[in-house]
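Some notes on the structure that comes next.
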Amino acid sequence: MAQDRFTGVGLGLRRPHLEQVAQMDNHGVPFWETCPENVIGDGGRDHRWACAILDRDPVLTHGLAISVGGFDPWDEAYLRDLDRFLVRTGTPWHSEHLCFTRVDGNCLHELLPLPFTRDAARHTIARARELQARLPVPLLLENITYYAELGASEMDEGDFITEVLEGADVGWLLDVNNVYVNALNFGFDPKAWLSRMPLERVDQLHIAGHKRFGAITVDTHGADVIEPVIDLMQWTLARLGRPVPVLLERDNHIPDLDLLLAERARLQTAYDAAMAPVEVRHA
Amino acid sequence: MLETRTHRLQRALASLVLDGDEASLEADPGGPARRQELSQTDQRAFRDQGQAMMTYRELTRLSLSEPLETMFPVLKALLEGADAWDGCLQAFLEARVVGSSQYRDIAPAFLGWLASSGWGQVRWPFLLELAHAELLEVLVARFPDSDPPQDLHDEPTPDDLIFLDPATQVVSYTHAVHRVREEAPVPEARPTHLLAFRNAEGDVRLKELTPVTAALLVRARNQSLAEAATTLNLPDLAPILTLLKDLCREGAIAGFQTST
Ligand SMILES: [Fe+2]
């Protein structure tokens with residue numbers, strides 16, 4: 001079962017670290033997360049290092065390229081490449097974001113919020129089901145941070161996410177940092193919010209750093225994870241009562257690998273502490 | 001038929017992010033929703049969250065301009081010196097030519113837009129060449145790998161065709177755009193021929209070529225070296241064969257193929 005191979009805290013595989021990671025045999029990272037569109041169609045030295053790691057270590061895949069809630073037609077050529085890539089990596093699932101990134105043939109390269117409406121939920125459910133039918137592994141959708149609601153809402157974010165996950169019957173990549181950031185920006189209690197969500201759908205967690213810009217906090221993935229977010233991760237793991245894998249995301253201000261490995265180890269300790277009572281219960 | 005409300009909301013956000021005239025968007029963040037014929041309540045949602053909506057404008061523009069700033073530092077320095085960089089970015093964003101969802105395709109999309117729009121090239125006739133030269137090394141470094149044909153040898157003879165490594169590029173510019181720096185971004189007007197290739201370690205190498213060598217590298221892909229030399233009025237092939245053998249050893253040329 002996938003859960004046996006994918007547990008603990010993994011790391012996002014980043015270009016500046018590829019060579020070093022490929023040449024390390026004892027990095028201690030239980031699994032990596034990779035972005036397929038960064039690997040598919042690429043070439044050269046870094047690409048060779050990336051492939052060497054992906055062929056050697058356990059990998060989860062996490063995409064940015066597919067505008068799940070958008071209206072642009074599927075990029076069939078990309079989906080064929082993605083299919084091959086997912087099979088090659090042996091990933092147990094593939095995640096994308098619950099958002100839109102493309103409008104009328106243009107990619108905005110930003111995770112943009114879907115309207116919290118019945119029409120948008122219906123549309124996104126249909127799209128997620130179509131996408132799932134084209135993938136060789138289960139699809140997970142990730143909750144994003146948002147800074148404004150797109151148009152007049154008919155429900156809140158939590159209800160929208162629940163409706164889509166259940167309507168599409170897909171798994172949830174729960175980003176606890178995104179919940180925390182949304183809670184800051186919109187003034188709600190993240191634990192109360194999580195308590196009413198369909199946690200049984202969670203197959204993976206994301207954790208990351210964020211930054212405040214004036215009145216708004218942004219999930220920059222560019223700083224260390226702060227204690228309240230670690231606490232939220234531990235609270236969520238205890239609540240789940242299952243050792244779902246946690247992935248530490250770092251996309252900006254990427255530190256040296258040894259610092260990132262140390263940050264991962266710090267989170268692994270927190271992970272183990274959260275899982276200890278669960279394991280005792282199951283023993 | 002009018003598109004669904006969800007689709008029009010997405011279009012309105014795309015307009016708010018990409019359109020020019022930031023001042024009028026600041027003053028009236030509901031404008032994009034109104035132009036999409038969205039309801040009064042949707043328009044009000046845009047207006048009431050004006051500042052947060054503009055955060056999307058800032059974040060998206062950052063995402064789209066960051067790879068350009070990384071890939072085209074000299075072009076950026078040149079245009080910033082003339083107070084024209086922001087205008088260039090705005091014209092690029094409004095053209096809406098970023099079709100690929102792959103982040104690494106943003107910079108090539110910018111190059112393609114410069115070529116098709118001719119933006120700035122009355123004032124800076126070398127602009128397109130400059131952008132091309134800045135992107136060249138990255139394109140060569142990351143060109144998709146493929147296996148060369150089996151029947152290549154590494155000692156050239158006059159009867160052979162040249163088989164370049166797939167990542168290798170032979171380029172000709174009218175300006176010495178490979179010599180510019182951020183501090184001196186205007187290139188000298190001088191015909192320039194370059195060979196860009198990956199060595200065995202995957203590092204990109206640039207070599208300046210004579211016009212004749214550049215022409216030979218292009219011709220001898222479809223014509224034997226002896227025939228190409230005759231066409232180009234090259235009396236002595238011996239030094240060329242030595243050079244080609246070196247280029248093969250260095251990785252620019254995958255090998256040589258007997259022409260049939
Ligand atoms: Fe995430």
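Chain labels follow the order of the structure tokens: the first chain is A, the next B, and so on; residue numbering restarts at 1 in every chain, and ligands are counted from 1 in their shown order.
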
#### Entry: DSSP-assigned alpha helix (DSSP H) among stretch 59-264 of chain A, expressed as an MDAnalysis selection string
chainID A and resid 76:89 118:134 157:168 176:186 190:195 227:240 257:264

#### Entry: Residue list for chain B near chain A as a PyMOL selection string, 9 Å, only C-alpha atoms
chain B and resi 4-7+9-11+13-14+17-18+33+38+41-46+49-53+55-56+59-61+63-64+96-104+140-146+167+198+201-203

Contacts to ligand 1 at 10 Å cut-off (only C-alpha atoms and all ligand atoms) as a tab-separated table (two decimals) with C-alpha atoms, in the first residue's frame:
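The new file selection-v1.tsv reads:
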```tsv
chain	number	residue	atom	x	y	z
A	62	HIS	CA	2.37	17.85	-7.95
A	95	SER	CA	-2.09	16.48	-7.27
A	96	GLU	CA	-3.19	19.74	-8.89
A	97	HIS	CA	-4.63	22.92	-7.39
A	142	GLU	CA	-5.09	21.11	-3.16
A	143	ASN	CA	-6.73	24.00	-1.31
A	144	ILE	CA	-5.05	27.29	-2.27
A	145	THR	CA	-4.60	30.60	-0.50
A	173	LEU	CA	-4.01	17.49	-0.69
A	174	LEU	CA	-4.49	19.58	2.41
A	175	ASP	CA	-2.09	22.50	2.59
A	176	VAL	CA	-2.11	23.48	6.26
A	177	ASN	CA	-0.09	26.62	5.59
A	178	ASN	CA	-2.73	27.75	3.10
A	205	LEU	CA	-0.38	17.43	3.57
A	206	HIS	CA	1.63	20.44	2.45
A	207	ILE	CA	3.48	22.70	4.81
A	208	ALA	CA	5.40	25.89	3.93
A	219	ASP	CA	2.02	31.94	0.84
A	221	HIS	CA	7.00	29.37	0.15
A	247	LEU	CA	5.57	17.66	2.08
A	248	LEU	CA	7.67	20.70	2.91
A	249	GLU	CA	7.42	23.19	0.04
A	250	ARG	CA	10.16	25.70	-0.62
```

Within 6 Å of stretch 186-203 of chain A using only C-alpha atoms, minus same-chain residues under 6 positions, as a PDB file with all heavy atoms, in the first residue's frame:
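What landed in result29.pdb:
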```pdb
ATOM      1  N   GLY A 171      -9.373  12.858  -3.953  1.00  0.00           N
ATOM      2  CA  GLY A 171      -8.695  13.029  -2.673  1.00  0.00           C
ATOM      3  C   GLY A 171      -8.301  14.480  -2.446  1.00  0.00           C
ATOM      4  O   GLY A 171      -8.395  15.325  -3.347  1.00  0.00           O
ATOM      5  N   TRP A 172      -7.854  14.740  -1.224  1.00  0.00           N
ATOM      6  CA  TRP A 172      -7.508  16.124  -0.838  1.00  0.00           C
ATOM      7  C   TRP A 172      -6.036  16.199  -0.472  1.00  0.00           C
ATOM      8  O   TRP A 172      -5.565  15.463   0.405  1.00  0.00           O
ATOM      9  CB  TRP A 172      -8.385  16.539   0.352  1.00  0.00           C
ATOM     10  CG  TRP A 172      -8.235  17.974   0.759  1.00  0.00           C
ATOM     11  CD1 TRP A 172      -7.560  18.967   0.104  1.00  0.00           C
ATOM     12  CD2 TRP A 172      -8.791  18.587   1.933  1.00  0.00           C
ATOM     13  NE1 TRP A 172      -7.678  20.152   0.785  1.00  0.00           N
ATOM     14  CE2 TRP A 172      -8.413  19.959   1.908  1.00  0.00           C
ATOM     15  CE3 TRP A 172      -9.576  18.112   2.992  1.00  0.00           C
ATOM     16  CZ2 TRP A 172      -8.796  20.850   2.915  1.00  0.00           C
ATOM     17  CZ3 TRP A 172      -9.945  19.006   3.979  1.00  0.00           C
ATOM     18  CH2 TRP A 172      -9.564  20.360   3.946  1.00  0.00           C
ATOM     19  N   LEU A 173      -5.330  17.081  -1.145  1.00  0.00           N
ATOM     20  CA  LEU A 173      -4.007  17.493  -0.694  1.00  0.00           C
ATOM     21  C   LEU A 173      -4.247  18.713   0.170  1.00  0.00           C
ATOM     22  O   LEU A 173      -4.531  19.806  -0.343  1.00  0.00           O
ATOM     23  CB  LEU A 173      -3.104  17.816  -1.897  1.00  0.00           C
ATOM     24  CG  LEU A 173      -1.791  18.550  -1.607  1.00  0.00           C
ATOM     25  CD1 LEU A 173      -1.017  17.922  -0.464  1.00  0.00           C
ATOM     26  CD2 LEU A 173      -0.922  18.606  -2.843  1.00  0.00           C
ATOM     27  N   TYR A 180      -3.841  28.199   7.219  1.00  0.00           N
ATOM     28  CA  TYR A 180      -3.387  29.170   8.222  1.00  0.00           C
ATOM     29  C   TYR A 180      -3.370  30.593   7.641  1.00  0.00           C
ATOM     30  O   TYR A 180      -3.836  31.544   8.270  1.00  0.00           O
ATOM     31  CB  TYR A 180      -1.988  28.775   8.714  1.00  0.00           C
ATOM     32  CG  TYR A 180      -1.482  29.654   9.821  1.00  0.00           C
ATOM     33  CD1 TYR A 180      -1.855  29.423  11.139  1.00  0.00           C
ATOM     34  CD2 TYR A 180      -0.639  30.731   9.546  1.00  0.00           C
ATOM     35  CE1 TYR A 180      -1.404  30.251  12.162  1.00  0.00           C
ATOM     36  CE2 TYR A 180      -0.193  31.557  10.555  1.00  0.00           C
ATOM     37  CZ  TYR A 180      -0.578  31.315  11.865  1.00  0.00           C
ATOM     38  OH  TYR A 180      -0.132  32.134  12.866  1.00  0.00           O
ATOM     39  N   VAL A 244      -0.298  10.117   7.207  1.00  0.00           N
ATOM     40  CA  VAL A 244      -0.266  10.642   5.833  1.00  0.00           C
ATOM     41  C   VAL A 244       1.034  11.418   5.622  1.00  0.00           C
ATOM     42  O   VAL A 244       1.552  12.042   6.552  1.00  0.00           O
ATOM     43  CB  VAL A 244      -1.467  11.568   5.514  1.00  0.00           C
ATOM     44  CG1 VAL A 244      -2.784  10.837   5.634  1.00  0.00           C
ATOM     45  CG2 VAL A 244      -1.451  12.805   6.380  1.00  0.00           C
TER      46      VAL A 244
END
```

### Task
Kindly give the distance, in Å, that separates atom CA of A:His210 and atom CA of B:Thr70, rounded to a single decimal.
22.9 Å

### Query
Which is closer to B:Leu62 than all the others in B:Leu164, B:Gln90, B:Gln40, B:Arg35, using only C-alpha atoms?
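Comparing B:Leu164, B:Gln90, B:Gln40, B:Arg35 against B:Leu62, the winner is B:Gln90.
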
### Task
Give the strand (DSSP E or B) residues of stretch 5-252 of chain A, as DSSP finds them on the backbone, and put them as a PyMOL selection string.
chain A and resi 9-12+32-34+59-62+94-97+100-103+106-112+139-142+171-175+202-207+211-213+216-218+246-248

### Query
So which residues touch A:Arg264 within 12 Å, counting only C-alpha atoms, skipping near sequence neighbours fewer than 2 positions away, as a ChimeraX atom specification?
/A:8-12,27-32,207-208,224-225,230,246-250,257-262,266-271

Excluding B:Leu244 and any residue of its chain fewer than 6 positions from it, enumerate the residues within 12 Å of it, using only C-alpha atoms, and give them as a PDB file with all heavy atoms, in the first residue's frame.
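Contents of selection25.pdb, freshly written:
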```
ATOM      1  N   ASP B 154      33.661   9.692 -35.858  1.00  0.00           N
ATOM      2  CA  ASP B 154      34.154  10.969 -35.329  1.00  0.00           C
ATOM      3  C   ASP B 154      35.381  11.525 -36.056  1.00  0.00           C
ATOM      4  O   ASP B 154      35.961  12.512 -35.628  1.00  0.00           O
ATOM      5  CB  ASP B 154      34.378  10.899 -33.813  1.00  0.00           C
ATOM      6  CG  ASP B 154      35.161   9.673 -33.395  1.00  0.00           C
ATOM      7  OD1 ASP B 154      35.804   9.080 -34.290  1.00  0.00           O
ATOM      8  OD2 ASP B 154      35.126   9.318 -32.208  1.00  0.00           O
ATOM      9  N   GLU B 155      35.769  10.880 -37.165  1.00  0.00           N
ATOM     10  CA  GLU B 155      36.862  11.412 -38.005  1.00  0.00           C
ATOM     11  C   GLU B 155      36.248  11.884 -39.308  1.00  0.00           C
ATOM     12  O   GLU B 155      35.823  11.070 -40.121  1.00  0.00           O
ATOM     13  CB  GLU B 155      37.882  10.299 -38.326  1.00  0.00           C
ATOM     14  CG  GLU B 155      38.836   9.935 -37.205  1.00  0.00           C
ATOM     15  CD  GLU B 155      40.033  10.877 -37.127  1.00  0.00           C
ATOM     16  OE1 GLU B 155      40.247  11.671 -38.065  1.00  0.00           O
ATOM     17  OE2 GLU B 155      40.742  10.832 -36.104  1.00  0.00           O
ATOM     18  N   PRO B 156      36.199  13.196 -39.561  1.00  0.00           N
ATOM     19  CA  PRO B 156      35.540  13.655 -40.789  1.00  0.00           C
ATOM     20  C   PRO B 156      36.378  13.381 -42.040  1.00  0.00           C
ATOM     21  O   PRO B 156      37.610  13.463 -41.998  1.00  0.00           O
ATOM     22  CB  PRO B 156      35.392  15.159 -40.561  1.00  0.00           C
ATOM     23  CG  PRO B 156      36.478  15.527 -39.607  1.00  0.00           C
ATOM     24  CD  PRO B 156      36.714  14.325 -38.748  1.00  0.00           C
ATOM     25  N   THR B 157      35.719  13.060 -43.130  1.00  0.00           N
ATOM     26  CA  THR B 157      36.375  12.945 -44.442  1.00  0.00           C
ATOM     27  C   THR B 157      35.613  13.856 -45.411  1.00  0.00           C
ATOM     28  O   THR B 157      34.475  14.235 -45.122  1.00  0.00           O
ATOM     29  CB  THR B 157      36.320  11.493 -44.973  1.00  0.00           C
ATOM     30  OG1 THR B 157      34.975  11.237 -45.407  1.00  0.00           O
ATOM     31  CG2 THR B 157      36.728  10.473 -43.926  1.00  0.00           C
ATOM     32  N   PRO B 158      36.220  14.181 -46.552  1.00  0.00           N
ATOM     33  CA  PRO B 158      35.561  15.106 -47.491  1.00  0.00           C
ATOM     34  C   PRO B 158      34.197  14.608 -47.987  1.00  0.00           C
ATOM     35  O   PRO B 158      33.357  15.412 -48.379  1.00  0.00           O
ATOM     36  CB  PRO B 158      36.552  15.193 -48.651  1.00  0.00           C
ATOM     37  CG  PRO B 158      37.879  14.896 -48.037  1.00  0.00           C
ATOM     38  CD  PRO B 158      37.607  13.879 -46.963  1.00  0.00           C
ATOM     39  N   ASP B 160      31.876  13.338 -46.194  1.00  0.00           N
ATOM     40  CA  ASP B 160      30.906  13.244 -45.089  1.00  0.00           C
ATOM     41  C   ASP B 160      29.932  14.412 -45.016  1.00  0.00           C
ATOM     42  O   ASP B 160      30.215  15.520 -45.475  1.00  0.00           O
ATOM     43  CB  ASP B 160      31.646  13.179 -43.751  1.00  0.00           C
ATOM     44  CG  ASP B 160      32.320  11.840 -43.527  1.00  0.00           C
ATOM     45  OD1 ASP B 160      31.925  10.878 -44.222  1.00  0.00           O
ATOM     46  OD2 ASP B 160      33.216  11.761 -42.677  1.00  0.00           O
ATOM     47  N   LEU B 161      28.804  14.127 -44.358  1.00  0.00           N
ATOM     48  CA  LEU B 161      27.887  15.168 -43.902  1.00  0.00           C
ATOM     49  C   LEU B 161      28.177  15.404 -42.424  1.00  0.00           C
ATOM     50  O   LEU B 161      28.625  14.509 -41.715  1.00  0.00           O
ATOM     51  CB  LEU B 161      26.440  14.699 -44.029  1.00  0.00           C
ATOM     52  CG  LEU B 161      25.907  14.294 -45.391  1.00  0.00           C
ATOM     53  CD1 LEU B 161      24.486  13.744 -45.232  1.00  0.00           C
ATOM     54  CD2 LEU B 161      25.908  15.490 -46.327  1.00  0.00           C
ATOM     55  N   ILE B 162      27.870  16.630 -41.988  1.00  0.00           N
ATOM     56  CA  ILE B 162      28.024  16.937 -40.562  1.00  0.00           C
ATOM     57  C   ILE B 162      26.707  16.637 -39.855  1.00  0.00           C
ATOM     58  O   ILE B 162      25.646  17.018 -40.338  1.00  0.00           O
ATOM     59  CB  ILE B 162      28.374  18.419 -40.354  1.00  0.00           C
ATOM     60  CG1 ILE B 162      29.740  18.731 -40.953  1.00  0.00           C
ATOM     61  CG2 ILE B 162      28.345  18.791 -38.874  1.00  0.00           C
ATOM     62  CD1 ILE B 162      30.075  20.212 -40.901  1.00  0.00           C
ATOM     63  N   PHE B 163      26.801  15.973 -38.737  1.00  0.00           N
ATOM     64  CA  PHE B 163      25.609  15.765 -37.918  1.00  0.00           C
ATOM     65  C   PHE B 163      25.823  16.503 -36.602  1.00  0.00           C
ATOM     66  O   PHE B 163      26.546  16.044 -35.725  1.00  0.00           O
ATOM     67  CB  PHE B 163      25.392  14.264 -37.696  1.00  0.00           C
ATOM     68  CG  PHE B 163      23.964  13.923 -37.422  1.00  0.00           C
ATOM     69  CD1 PHE B 163      23.110  13.534 -38.451  1.00  0.00           C
ATOM     70  CD2 PHE B 163      23.451  14.035 -36.136  1.00  0.00           C
ATOM     71  CE1 PHE B 163      21.782  13.255 -38.204  1.00  0.00           C
ATOM     72  CE2 PHE B 163      22.126  13.761 -35.875  1.00  0.00           C
ATOM     73  CZ  PHE B 163      21.289  13.357 -36.916  1.00  0.00           C
ATOM     74  N   LEU B 164      25.179  17.686 -36.470  1.00  0.00           N
ATOM     75  CA  LEU B 164      25.360  18.481 -35.247  1.00  0.00           C
ATOM     76  C   LEU B 164      24.680  17.800 -34.073  1.00  0.00           C
ATOM     77  O   LEU B 164      23.688  17.084 -34.246  1.00  0.00           O
ATOM     78  CB  LEU B 164      24.754  19.875 -35.427  1.00  0.00           C
ATOM     79  CG  LEU B 164      25.410  20.834 -36.416  1.00  0.00           C
ATOM     80  CD1 LEU B 164      24.638  22.145 -36.451  1.00  0.00           C
ATOM     81  CD2 LEU B 164      26.874  21.087 -36.050  1.00  0.00           C
ATOM     82  N   THR B 213      33.023  29.502 -42.026  1.00  0.00           N
ATOM     83  CA  THR B 213      32.815  28.311 -41.187  1.00  0.00           C
ATOM     84  C   THR B 213      31.349  28.177 -40.812  1.00  0.00           C
ATOM     85  O   THR B 213      30.780  27.078 -40.844  1.00  0.00           O
ATOM     86  CB  THR B 213      33.681  28.389 -39.911  1.00  0.00           C
ATOM     87  OG1 THR B 213      34.987  28.788 -40.265  1.00  0.00           O
ATOM     88  CG2 THR B 213      33.715  27.061 -39.200  1.00  0.00           C
ATOM     89  N   ALA B 214      30.726  29.309 -40.465  1.00  0.00           N
ATOM     90  CA  ALA B 214      29.300  29.257 -40.119  1.00  0.00           C
ATOM     91  C   ALA B 214      28.501  28.712 -41.299  1.00  0.00           C
ATOM     92  O   ALA B 214      27.642  27.828 -41.138  1.00  0.00           O
ATOM     93  CB  ALA B 214      28.808  30.641 -39.731  1.00  0.00           C
ATOM     94  N   LEU B 216      29.545  26.854 -43.723  1.00  0.00           N
ATOM     95  CA  LEU B 216      29.881  25.444 -43.948  1.00  0.00           C
ATOM     96  C   LEU B 216      29.119  24.536 -42.977  1.00  0.00           C
ATOM     97  O   LEU B 216      28.600  23.486 -43.361  1.00  0.00           O
ATOM     98  CB  LEU B 216      31.387  25.234 -43.793  1.00  0.00           C
ATOM     99  CG  LEU B 216      31.855  23.829 -44.144  1.00  0.00           C
ATOM    100  CD1 LEU B 216      32.217  23.755 -45.626  1.00  0.00           C
ATOM    101  CD2 LEU B 216      33.025  23.399 -43.278  1.00  0.00           C
ATOM    102  N   LEU B 217      29.044  24.965 -41.717  1.00  0.00           N
ATOM    103  CA  LEU B 217      28.338  24.145 -40.714  1.00  0.00           C
ATOM    104  C   LEU B 217      26.855  23.994 -41.078  1.00  0.00           C
ATOM    105  O   LEU B 217      26.231  22.991 -40.757  1.00  0.00           O
ATOM    106  CB  LEU B 217      28.480  24.767 -39.321  1.00  0.00           C
ATOM    107  CG  LEU B 217      29.822  24.570 -38.639  1.00  0.00           C
ATOM    108  CD1 LEU B 217      29.877  25.345 -37.328  1.00  0.00           C
ATOM    109  CD2 LEU B 217      30.106  23.082 -38.384  1.00  0.00           C
ATOM    110  N   ALA B 220      26.876  21.829 -44.839  1.00  0.00           N
ATOM    111  CA  ALA B 220      27.366  20.449 -44.835  1.00  0.00           C
ATOM    112  C   ALA B 220      26.480  19.515 -44.021  1.00  0.00           C
ATOM    113  O   ALA B 220      26.831  18.370 -43.760  1.00  0.00           O
ATOM    114  CB  ALA B 220      28.811  20.384 -44.352  1.00  0.00           C
ATOM    115  N   LEU B 225      31.060  17.571 -47.305  1.00  0.00           N
ATOM    116  CA  LEU B 225      32.009  18.630 -46.957  1.00  0.00           C
ATOM    117  C   LEU B 225      32.738  19.125 -48.202  1.00  0.00           C
ATOM    118  O   LEU B 225      32.930  20.333 -48.376  1.00  0.00           O
ATOM    119  CB  LEU B 225      33.019  18.103 -45.931  1.00  0.00           C
ATOM    120  CG  LEU B 225      32.481  18.040 -44.507  1.00  0.00           C
ATOM    121  CD1 LEU B 225      33.373  17.164 -43.625  1.00  0.00           C
ATOM    122  CD2 LEU B 225      32.388  19.452 -43.925  1.00  0.00           C
ATOM    123  N   LEU B 237      40.629  22.075 -47.669  1.00  0.00           N
ATOM    124  CA  LEU B 237      39.704  21.496 -46.687  1.00  0.00           C
ATOM    125  C   LEU B 237      40.423  21.038 -45.409  1.00  0.00           C
ATOM    126  O   LEU B 237      39.795  20.873 -44.363  1.00  0.00           O
ATOM    127  CB  LEU B 237      38.964  20.318 -47.340  1.00  0.00           C
ATOM    128  CG  LEU B 237      37.621  19.901 -46.751  1.00  0.00           C
ATOM    129  CD1 LEU B 237      36.668  21.066 -46.636  1.00  0.00           C
ATOM    130  CD2 LEU B 237      36.996  18.793 -47.599  1.00  0.00           C
ATOM    131  N   ALA B 238      41.744  20.835 -45.494  1.00  0.00           N
ATOM    132  CA  ALA B 238      42.474  20.235 -44.370  1.00  0.00           C
ATOM    133  C   ALA B 238      42.266  20.966 -43.036  1.00  0.00           C
ATOM    134  O   ALA B 238      41.918  20.327 -42.026  1.00  0.00           O
ATOM    135  CB  ALA B 238      43.963  20.126 -44.712  1.00  0.00           C
ATOM    136  N   GLU B 250      34.644  18.253 -28.752  1.00  0.00           N
ATOM    137  CA  GLU B 250      34.100  19.150 -27.725  1.00  0.00           C
ATOM    138  C   GLU B 250      32.597  18.993 -27.515  1.00  0.00           C
ATOM    139  O   GLU B 250      32.052  19.519 -26.554  1.00  0.00           O
ATOM    140  CB  GLU B 250      34.405  20.611 -28.104  1.00  0.00           C
ATOM    141  CG  GLU B 250      35.880  20.950 -28.008  1.00  0.00           C
ATOM    142  CD  GLU B 250      36.164  22.350 -28.534  1.00  0.00           C
ATOM    143  OE1 GLU B 250      35.941  23.312 -27.799  1.00  0.00           O
ATOM    144  OE2 GLU B 250      36.593  22.475 -29.693  1.00  0.00           O
ATOM    145  N   GLY B 251      31.920  18.310 -28.448  1.00  0.00           N
ATOM    146  CA  GLY B 251      30.492  18.049 -28.239  1.00  0.00           C
ATOM    147  C   GLY B 251      29.544  18.820 -29.135  1.00  0.00           C
ATOM    148  O   GLY B 251      28.340  18.579 -29.120  1.00  0.00           O
ATOM    149  N   ALA B 252      30.067  19.770 -29.928  1.00  0.00           N
ATOM    150  CA  ALA B 252      29.173  20.563 -30.790  1.00  0.00           C
ATOM    151  C   ALA B 252      28.635  19.721 -31.933  1.00  0.00           C
ATOM    152  O   ALA B 252      27.499  19.889 -32.379  1.00  0.00           O
ATOM    153  CB  ALA B 252      29.919  21.772 -31.345  1.00  0.00           C
ATOM    154  N   ILE B 253      29.491  18.831 -32.417  1.00  0.00           N
ATOM    155  CA  ILE B 253      29.108  17.956 -33.528  1.00  0.00           C
ATOM    156  C   ILE B 253      28.947  16.542 -32.972  1.00  0.00           C
ATOM    157  O   ILE B 253      29.814  16.050 -32.253  1.00  0.00           O
ATOM    158  CB  ILE B 253      30.191  17.990 -34.632  1.00  0.00           C
ATOM    159  CG1 ILE B 253      30.207  19.378 -35.283  1.00  0.00           C
ATOM    160  CG2 ILE B 253      29.975  16.893 -35.667  1.00  0.00           C
ATOM    161  CD1 ILE B 253      31.322  19.574 -36.290  1.00  0.00           C
ATOM    162  N   ALA B 254      27.787  15.928 -33.293  1.00  0.00           N
ATOM    163  CA  ALA B 254      27.556  14.572 -32.781  1.00  0.00           C
ATOM    164  C   ALA B 254      28.426  13.568 -33.525  1.00  0.00           C
ATOM    165  O   ALA B 254      28.856  12.570 -32.950  1.00  0.00           O
ATOM    166  CB  ALA B 254      26.083  14.205 -32.927  1.00  0.00           C
ATOM    167  N   GLY B 255      28.685  13.833 -34.816  1.00  0.00           N
ATOM    168  CA  GLY B 255      29.517  12.939 -35.594  1.00  0.00           C
ATOM    169  C   GLY B 255      29.366  13.222 -37.069  1.00  0.00           C
ATOM    170  O   GLY B 255      28.725  14.204 -37.469  1.00  0.00           O
ATOM    171  N   PHE B 256      29.965  12.343 -37.864  1.00  0.00           N
ATOM    172  CA  PHE B 256      29.942  12.533 -39.315  1.00  0.00           C
ATOM    173  C   PHE B 256      29.343  11.296 -39.953  1.00  0.00           C
ATOM    174  O   PHE B 256      29.489  10.184 -39.449  1.00  0.00           O
ATOM    175  CB  PHE B 256      31.372  12.796 -39.822  1.00  0.00           C
ATOM    176  CG  PHE B 256      32.005  13.958 -39.101  1.00  0.00           C
ATOM    177  CD1 PHE B 256      32.788  13.731 -37.964  1.00  0.00           C
ATOM    178  CD2 PHE B 256      31.770  15.257 -39.511  1.00  0.00           C
ATOM    179  CE1 PHE B 256      33.347  14.786 -37.257  1.00  0.00           C
ATOM    180  CE2 PHE B 256      32.326  16.323 -38.801  1.00  0.00           C
ATOM    181  CZ  PHE B 256      33.117  16.090 -37.686  1.00  0.00           C
TER     182      PHE B 256
END
```

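The space between atom CA of A:His253 and atom CA of A:Gly222 spans 5.2 Å.
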
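Atom CA of B:Cys88 sits 13.9 Å away from atom CA of B:Ser116.
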